[in-house]
Amino acid sequence: MNHKLFYNQLYTWFEQNHRILPWRETEDAYAIWISEIILQQTRVEQGLPYYLRFIERFPDIQSLAQASEDEVLRYWQGLGYYSRARNLHHAAQEVVARGQTPFPRTFDQIRALPGIGEYTAGAISAFAYNLPYPALDGNVYRVLARLYDCEMAFDTTEGKKYFRGLANELLDRDHARLFDSAIMEFGALYCTPTSPECDSCPLNLFCEAYKHHTVELLPVRKPRPKVRDRYLNYSIYIAHGQTLIHQRQENDIWKHLWEFPLEETAEQQDRPTVPHIDFTHVLSHQRLHARFYIYKVSTLPSVEGTKMVSLNELDDYAFSRLTLKALEYIGL
């Protein structure tokens with residue numbers, strides 16, 4: 001491959017087509033880190049307002065480190081995958097404790113922080129410090145798989161190692177920030193999962209999948225695990241403007257988030273005399289069938305592990321997106 005020509009084509013496309021995004025307009029490693037963690041499991045359009053709100057409240061790593069976990073989770077509320085927020089908080093506290101503020105400056109220091117893997121460390125290193133590391137997100141895996149017509153599953157240990165080698169070979173080491181930004185954006189906007197416009201693609205001269213008519217078959221993923229069904233039965237007790245909630249402590253989904261008293265059953269439970277609403281919530285490997293029973297009572301019952309709060313105080317607690325949907329539907 002003629003790398004110089006490839007870079008010229010890619011950078012020209014990027015200059016003419018890239019989106020204006022706040023984390024792309026800065027070299028602040030902290031702000032870039034926050035954006036990368038948010039975007040790990042979230043589309044740009046969905047994540048942008050959360051990013052702006054989070055950065056406004058926690059503008060630097062000191063403010064994040066000094067906050068309580070409950071407050072951090074509240075500002076993460078609605079993004080899901082809450083372990084990301086807990087890791088952010090722990091990492092901020094580690095950086096401050098080690099005196100590495102405003103943010104670590106080497107790949108190894110960044111990689112050692114909680115919740116940061118090879119991709120995130122590479123992205124921060126390149127975007128903040130222009131260090132020669134590839135940023136391999138799903139969009140880049142797709143572009144690489146098609147450029148090299150690679151049928152190896154990119155989400156296996158062997159596949160990740162192989163694709164990292166391809167990325168390092170293609171990387172513009174003198175302009176890592178520009179290269180990583182451009183190839184990620186190209187995958188997000190042009191080399192899309194379905195129906196990319198290959199005939200007019202500015203990179204089709206270099207694309208082996210285009211030559212071999214295999215674009216739509218790539219990239220290859222390993223087989224997905226079977227989705228597990230879970231049945232969650234929540235009891236929302238309401239008495240004189242007050243209700244009961246408890247904080248999840250188990251090493252399970254939504255750890256440290258708040259919810260209403262819960263009974264999990266092997267199949268859908270039915271309480272025919274009690275009004276309820278149903279929601280289905282799909283996570284990566286779980287399908288949650290949630291039923292929210294609504295009890296309007298004169299006195300709140302005694303339920304172990306719960307605390308009594310005013311309905312007006314519910315906004316002060318971090319709930320899962322599922323529970324937030326129920327609260328919105330009920331009007332609480």
# chains A, B, ... in the order shown; residues from 1 in each chain; ligands from 1

$ residues_around --residues "Lys255 of chain A" --least-positions-apart "6" --cutoff "9 Å" --atoms "only C-alpha atoms" --output "ChimeraX atom specification"
/A:82-83,247-249

$ residues_around --residues "Gly99 of chain A" --least-positions-apart "5" --cutoff "12 Å" --atoms "only C-alpha atoms" --output "list of chain:residue names"
A:Ile61, A:Gln62, A:Ala92, A:Gln93, A:Glu94, A:Pro104

$ select_by_dssp --residues "segment 20-242 of chain A" --states "strand (DSSP E)" --output "list in words"
Arg228, Asp229, Arg230, Tyr231, Leu232, Asn233, Tyr234, Ser235, Ile236, Tyr237, Ile238 and Gln242 of chain A

$ write_last_selection --atoms "C-alpha atoms" --output "short mmCIF file (atom, residue, chain, number, x, y, z; two decimals), in the first residue's frame"
data_model
loop_
_atom_site.label_atom_id
_atom_site.label_comp_id
_atom_site.auth_asym_id
_atom_site.auth_seq_id
_atom_site.Cartn_x
_atom_site.Cartn_y
_atom_site.Cartn_z
CA ARG A 228 -30.53 -15.07 29.57
CA ASP A 229 -34.07 -14.13 30.66
CA ARG A 230 -34.63 -12.66 34.13
CA TYR A 231 -37.96 -11.76 35.79
CA LEU A 232 -37.93 -8.78 38.14
CA ASN A 233 -40.94 -7.90 40.28
CA TYR A 234 -40.79 -4.46 41.86
CA SER A 235 -43.16 -3.14 44.52
CA ILE A 236 -43.71 0.61 44.56
CA TYR A 237 -45.37 1.47 47.86
CA ILE A 238 -46.82 4.98 48.12
CA GLN A 242 -43.47 8.77 50.68
#

$ residues_around --residues "Thr156 of chain A" --least-positions-apart "6" --cutoff "10 Å" --atoms "only C-alpha atoms" --output "ChimeraX atom specification"
/A:162,221-222

$ closest_residue --among "A:Asn168, A:Ser68, A:Asn312, A:Ser125" --to "Leu144 of chain A" --atoms "only C-alpha atoms"
A:Asn168
